[in-house]
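Contents: one structure, followed by commentary.
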Amino acid sequence: MRYDSAPMATTLLLIRHAVTSWHGQARVLGQHDVTLDDEGRGQARSLANALAAVPIQRLVSSPLCRAAQTAAAIAERVEVPVERDPRLTDFRVGEWEGLTYEALRLRADYRRFLDDPLGTLIPGGETVENACARAREAVEGALATNPRVLAVVTNS
């Protein structure tokens, strides 16, 4: 008789990157590659310390600096390498990138987006649905390797 063992359960940790100077300026980041500021680096270290006892087996990150720096702090503390997956890169916001949220609220295309956030194509960007599909594909791919604990650091 053959017994196939079922895959073991995976704990999935979804982690958003720490703060950047653009957060303090209330700017839309999108795929602009902004690094963590001093506060963000402190947040990343605090998070890494909080996760020190968690048996993370796999650590996957967006390649954008803010996520990669957050992941690097965790990796150093838990001694697991960071794998970068471009599918976890932030939502492409096209013409909105770098704008302040105050300026964005004045745009008709932003108001259309608020009415239909899943289906609206941002000028020069992508739909939320497309961004979600990319991220889901990345996470599902990482989960398929069946790690006991998977940490995913992303921008959104």
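Ligands are numbered from 1 in the order shown, residues from 1 within each chain, and chains are lettered A, B, ... in the order they appear in the structure tokens.
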DSSP strand (DSSP E) selection over chain A, as a PyMOL selection string: chain A and resi 11-16+58-61+82-84+149-154
Please provide as a tab-separated table (two decimals) with all heavy atoms, in the first residue's frame all residues within 7 Å of Ala151 of chain A, with the sequence filter that same-chain residues fewer than 6 positions apart are discarded (counting only C-alpha atoms).
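Just written: selection_15.tsv:
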chain	number	residue	atom	x	y	z
A	12	LEU	N	1.67	31.95	5.70
A	12	LEU	CA	2.03	33.00	4.75
A	12	LEU	C	2.05	34.34	5.46
A	12	LEU	O	1.05	34.76	6.04
A	12	LEU	CB	1.01	33.04	3.60
A	12	LEU	CG	1.15	34.16	2.57
A	12	LEU	CD1	2.50	34.09	1.87
A	12	LEU	CD2	0.00	34.10	1.58
A	13	LEU	N	3.21	34.99	5.43
A	13	LEU	CA	3.36	36.32	6.01
A	13	LEU	C	3.41	37.33	4.86
A	13	LEU	O	4.34	37.30	4.06
A	13	LEU	CB	4.65	36.42	6.84
A	13	LEU	CG	4.83	35.40	7.95
A	13	LEU	CD1	6.22	35.54	8.57
A	13	LEU	CD2	3.74	35.54	8.99
A	14	LEU	N	2.40	38.18	4.77
A	14	LEU	CA	2.38	39.23	3.75
A	14	LEU	C	2.84	40.51	4.41
A	14	LEU	O	2.22	40.99	5.37
A	14	LEU	CB	0.97	39.40	3.18
A	14	LEU	CG	0.44	38.20	2.41
A	14	LEU	CD1	-1.00	38.44	1.98
A	14	LEU	CD2	1.31	37.88	1.20
A	56	ILE	N	11.11	31.21	9.24
A	56	ILE	CA	10.89	31.52	7.84
A	56	ILE	C	11.81	30.66	6.99
A	56	ILE	O	13.02	30.65	7.20
A	56	ILE	CB	11.14	33.03	7.57
A	56	ILE	CG1	10.10	33.87	8.33
A	56	ILE	CG2	11.11	33.33	6.07
A	56	ILE	CD1	10.38	35.36	8.30
A	58	ARG	N	11.35	30.61	3.43
A	58	ARG	CA	11.48	31.25	2.12
A	58	ARG	C	11.05	32.70	2.26
A	58	ARG	O	10.04	33.00	2.88
A	58	ARG	CB	10.61	30.52	1.09
A	58	ARG	CG	10.88	30.93	-0.32
A	58	ARG	CD	10.39	29.92	-1.31
A	58	ARG	NE	10.76	30.40	-2.65
A	58	ARG	CZ	10.18	30.01	-3.75
A	58	ARG	NH1	9.21	29.12	-3.71
A	58	ARG	NH2	10.56	30.50	-4.92
A	59	LEU	N	11.84	33.60	1.65
A	59	LEU	CA	11.60	35.04	1.71
A	59	LEU	C	11.65	35.59	0.30
A	59	LEU	O	12.69	35.55	-0.36
A	59	LEU	CB	12.66	35.70	2.60
A	59	LEU	CG	12.64	37.21	2.78
A	59	LEU	CD1	11.32	37.70	3.33
A	59	LEU	CD2	13.78	37.62	3.70
A	60	VAL	N	10.50	36.08	-0.18
A	60	VAL	CA	10.38	36.58	-1.55
A	60	VAL	C	10.01	38.05	-1.48
A	60	VAL	O	9.17	38.46	-0.66
A	60	VAL	CB	9.32	35.79	-2.34
A	60	VAL	CG1	9.26	36.26	-3.78
A	60	VAL	CG2	9.60	34.30	-2.28
Selected residue, from A:Arg134, A:Arg112, A:Arg84, A:Arg92, that lies nearest to Val28 of chain A when counting only C-alpha atoms: A:Arg92
Neighbour list for Leu47 of chain A as a list in words, cut-off 10 Å, only C-alpha atoms, skip fewer than 6 positions in-chain: Ile15, Ala18, Arg41, Thr70, Ala71, Ala73, Ile74 and Arg77 of chain A
Selected residues written out with C-alpha atoms, as a PDB file, in the first residue's frame:
ATOM      1  CA  ILE A  15       4.586  42.210   4.546  1.00  0.00           C
ATOM      2  CA  ALA A  18       8.544  50.243   5.463  1.00  0.00           C
ATOM      3  CA  ARG A  41      15.037  51.564   8.091  1.00  0.00           C
ATOM      4  CA  THR A  70      12.760  45.742   4.147  1.00  0.00           C
ATOM      5  CA  ALA A  71      13.332  42.137   3.069  1.00  0.00           C
ATOM      6  CA  ALA A  73      16.664  43.482   7.138  1.00  0.00           C
ATOM      7  CA  ILE A  74      14.502  40.411   7.713  1.00  0.00           C
ATOM      8  CA  ARG A  77      17.992  38.535  11.113  1.00  0.00           C
TER       9      ARG A  77
END
Skipping near chain neighbours, those fewer than 3 positions away, what residues fall within 8 Å of Gly124 of chain A using only C-alpha atoms, listed as a ChimeraX atom specification? /A:92-95
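If you look at atom CA of Asp33 of chain A and atom CA of Ser21 of chain A, they are 11.6 Å away from each other.
Taking only C-alpha atoms into account, Glu140 of chain A lies nearest to A:Arg87 out of the set A:Arg87, A:Asp37, A:Ala67, A:Ile122.
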DSSP says alpha helix (DSSP H) for which residues of segment 34-152 of chain A? Put them as a PyMOL selection string? chain A and resi 38-50+65-78+101-104+108-115+128-143
Pull C-alpha atoms from the residues just selected and write them as a short mmCIF file (atom, residue, chain, number, x, y, z; two decimals), in the first residue's frame.
data_model
loop_
_atom_site.label_atom_id
_atom_site.label_comp_id
_atom_site.auth_asym_id
_atom_site.auth_seq_id
_atom_site.Cartn_x
_atom_site.Cartn_y
_atom_site.Cartn_z
CA ASP A 38 15.62 56.68 8.43
CA GLU A 39 12.22 55.92 9.93
CA GLY A 40 11.67 53.16 7.39
CA ARG A 41 15.04 51.56 8.09
CA GLY A 42 14.13 51.58 11.79
CA GLN A 43 10.77 49.99 11.01
CA ALA A 44 12.48 47.29 8.95
CA ARG A 45 14.90 46.51 11.79
CA SER A 46 12.03 46.37 14.29
CA LEU A 47 10.10 44.02 12.06
CA ALA A 48 13.16 41.83 11.57
CA ASN A 49 13.60 41.62 15.35
CA ALA A 50 9.93 40.74 15.78
CA CYS A 65 14.38 49.26 -3.20
CA ARG A 66 11.82 49.93 -0.48
CA ALA A 67 10.65 46.32 -0.44
CA ALA A 68 14.10 44.84 -1.04
CA GLN A 69 15.57 46.87 1.85
CA THR A 70 12.76 45.74 4.15
CA ALA A 71 13.33 42.14 3.07
CA ALA A 72 17.10 42.46 3.51
CA ALA A 73 16.66 43.48 7.14
CA ILE A 74 14.50 40.41 7.71
CA ALA A 75 16.88 38.13 5.80
CA GLU A 76 19.83 39.25 7.86
CA ARG A 77 17.99 38.53 11.11
CA VAL A 78 16.45 35.17 10.15
CA TYR A 101 -2.48 62.83 -3.38
CA GLU A 102 -3.85 66.37 -3.21
CA ALA A 103 -3.08 66.91 -6.92
CA LEU A 104 -4.37 63.44 -7.79
CA ALA A 108 -10.98 63.32 -13.65
CA ASP A 109 -9.19 60.03 -14.40
CA TYR A 110 -8.63 59.49 -10.67
CA ARG A 111 -12.32 60.11 -9.95
CA ARG A 112 -13.17 57.50 -12.63
CA PHE A 113 -10.74 55.13 -10.93
CA LEU A 114 -12.50 55.62 -7.59
CA ASP A 115 -15.81 54.71 -9.26
CA VAL A 128 -5.75 46.85 -10.25
CA GLU A 129 -6.98 43.55 -11.64
CA ASN A 130 -3.75 43.15 -13.68
CA ALA A 131 -1.55 44.04 -10.70
CA CYS A 132 -3.42 41.57 -8.50
CA ALA A 133 -3.05 38.81 -11.08
CA ARG A 134 0.74 39.35 -11.23
CA ALA A 135 1.07 39.27 -7.45
CA ARG A 136 -1.22 36.25 -7.07
CA GLU A 137 0.87 34.34 -9.64
CA ALA A 138 4.07 35.13 -7.71
CA VAL A 139 2.64 34.13 -4.33
CA GLU A 140 1.04 30.96 -5.69
CA GLY A 141 4.35 30.02 -7.30
CA ALA A 142 6.20 30.49 -4.03
CA LEU A 143 3.53 28.55 -2.13
#
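Our summary of the geometry notes that atom CA of Thr100 of chain A is positioned 20.4 Å from atom CA of Arg16 of chain A.
Shell of Asp85 of chain A at 7 Å, with only C-alpha atoms counted and residues fewer than 6 places along the chain excluded, is Val60, Ser61, Ser62 and Pro63 of chain A.
You can rank A:Leu64, A:Val80, A:Leu51, A:Leu106 by their closest distance to Thr35 of chain A using only C-alpha atoms, and at the top of that list sits A:Leu64.
Straight-line separation from atom CA of Pro55 of chain A to atom CA of His17 of chain A: 20.0 Å.
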Give me the residues within 12 Å of Ala9 of chain A as a PDB file with N, CA, C and O atoms, in the first residue's frame, counting only C-alpha atoms and dropping any in the same chain fewer than 3 places off.
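Below is the file that was written, selection08.pdb:
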ATOM      1  N   SER A   5       1.897  11.503   1.248  1.00  0.00           N
ATOM      2  CA  SER A   5       1.666  12.496   2.292  1.00  0.00           C
ATOM      3  C   SER A   5       1.108  13.771   1.672  1.00  0.00           C
ATOM      4  O   SER A   5       1.530  14.191   0.604  1.00  0.00           O
ATOM      5  N   ALA A   6       0.153  14.342   2.340  1.00  0.00           N
ATOM      6  CA  ALA A   6      -0.415  15.611   1.890  1.00  0.00           C
ATOM      7  C   ALA A   6       0.595  16.714   2.146  1.00  0.00           C
ATOM      8  O   ALA A   6       1.408  16.621   3.069  1.00  0.00           O
ATOM      9  N   LEU A  12       1.674  31.954   5.695  1.00  0.00           N
ATOM     10  CA  LEU A  12       2.031  32.997   4.747  1.00  0.00           C
ATOM     11  C   LEU A  12       2.052  34.339   5.465  1.00  0.00           C
ATOM     12  O   LEU A  12       1.055  34.757   6.040  1.00  0.00           O
ATOM     13  N   LEU A 143       4.233  29.516  -2.982  1.00  0.00           N
ATOM     14  CA  LEU A 143       3.530  28.548  -2.126  1.00  0.00           C
ATOM     15  C   LEU A 143       3.647  27.129  -2.657  1.00  0.00           C
ATOM     16  O   LEU A 143       3.652  26.164  -1.880  1.00  0.00           O
ATOM     17  N   ALA A 144       3.757  26.988  -3.962  1.00  0.00           N
ATOM     18  CA  ALA A 144       3.830  25.666  -4.584  1.00  0.00           C
ATOM     19  C   ALA A 144       5.062  24.887  -4.134  1.00  0.00           C
ATOM     20  O   ALA A 144       5.085  23.662  -4.222  1.00  0.00           O
ATOM     21  N   THR A 145       6.078  25.579  -3.653  1.00  0.00           N
ATOM     22  CA  THR A 145       7.278  24.899  -3.159  1.00  0.00           C
ATOM     23  C   THR A 145       7.071  24.366  -1.745  1.00  0.00           C
ATOM     24  O   THR A 145       7.949  23.725  -1.191  1.00  0.00           O
ATOM     25  N   ASN A 146       5.911  24.678  -1.171  1.00  0.00           N
ATOM     26  CA  ASN A 146       5.467  24.156   0.117  1.00  0.00           C
ATOM     27  C   ASN A 146       6.406  24.470   1.298  1.00  0.00           C
ATOM     28  O   ASN A 146       6.718  23.589   2.090  1.00  0.00           O
ATOM     29  N   PRO A 147       6.831  25.706   1.440  1.00  0.00           N
ATOM     30  CA  PRO A 147       7.624  26.047   2.629  1.00  0.00           C
ATOM     31  C   PRO A 147       6.725  26.060   3.868  1.00  0.00           C
ATOM     32  O   PRO A 147       5.515  26.289   3.768  1.00  0.00           O
ATOM     33  N   ARG A 148       7.295  25.777   5.004  1.00  0.00           N
ATOM     34  CA  ARG A 148       6.512  25.838   6.255  1.00  0.00           C
ATOM     35  C   ARG A 148       6.083  27.259   6.545  1.00  0.00           C
ATOM     36  O   ARG A 148       4.947  27.519   6.934  1.00  0.00           O
ATOM     37  N   VAL A 149       7.019  28.212   6.374  1.00  0.00           N
ATOM     38  CA  VAL A 149       6.699  29.643   6.560  1.00  0.00           C
ATOM     39  C   VAL A 149       7.262  30.395   5.363  1.00  0.00           C
ATOM     40  O   VAL A 149       8.455  30.334   5.084  1.00  0.00           O
ATOM     41  N   LEU A 150       6.374  31.115   4.683  1.00  0.00           N
ATOM     42  CA  LEU A 150       6.737  31.916   3.527  1.00  0.00           C
ATOM     43  C   LEU A 150       6.473  33.366   3.877  1.00  0.00           C
ATOM     44  O   LEU A 150       5.370  33.722   4.282  1.00  0.00           O
TER      45      LEU A 150
END
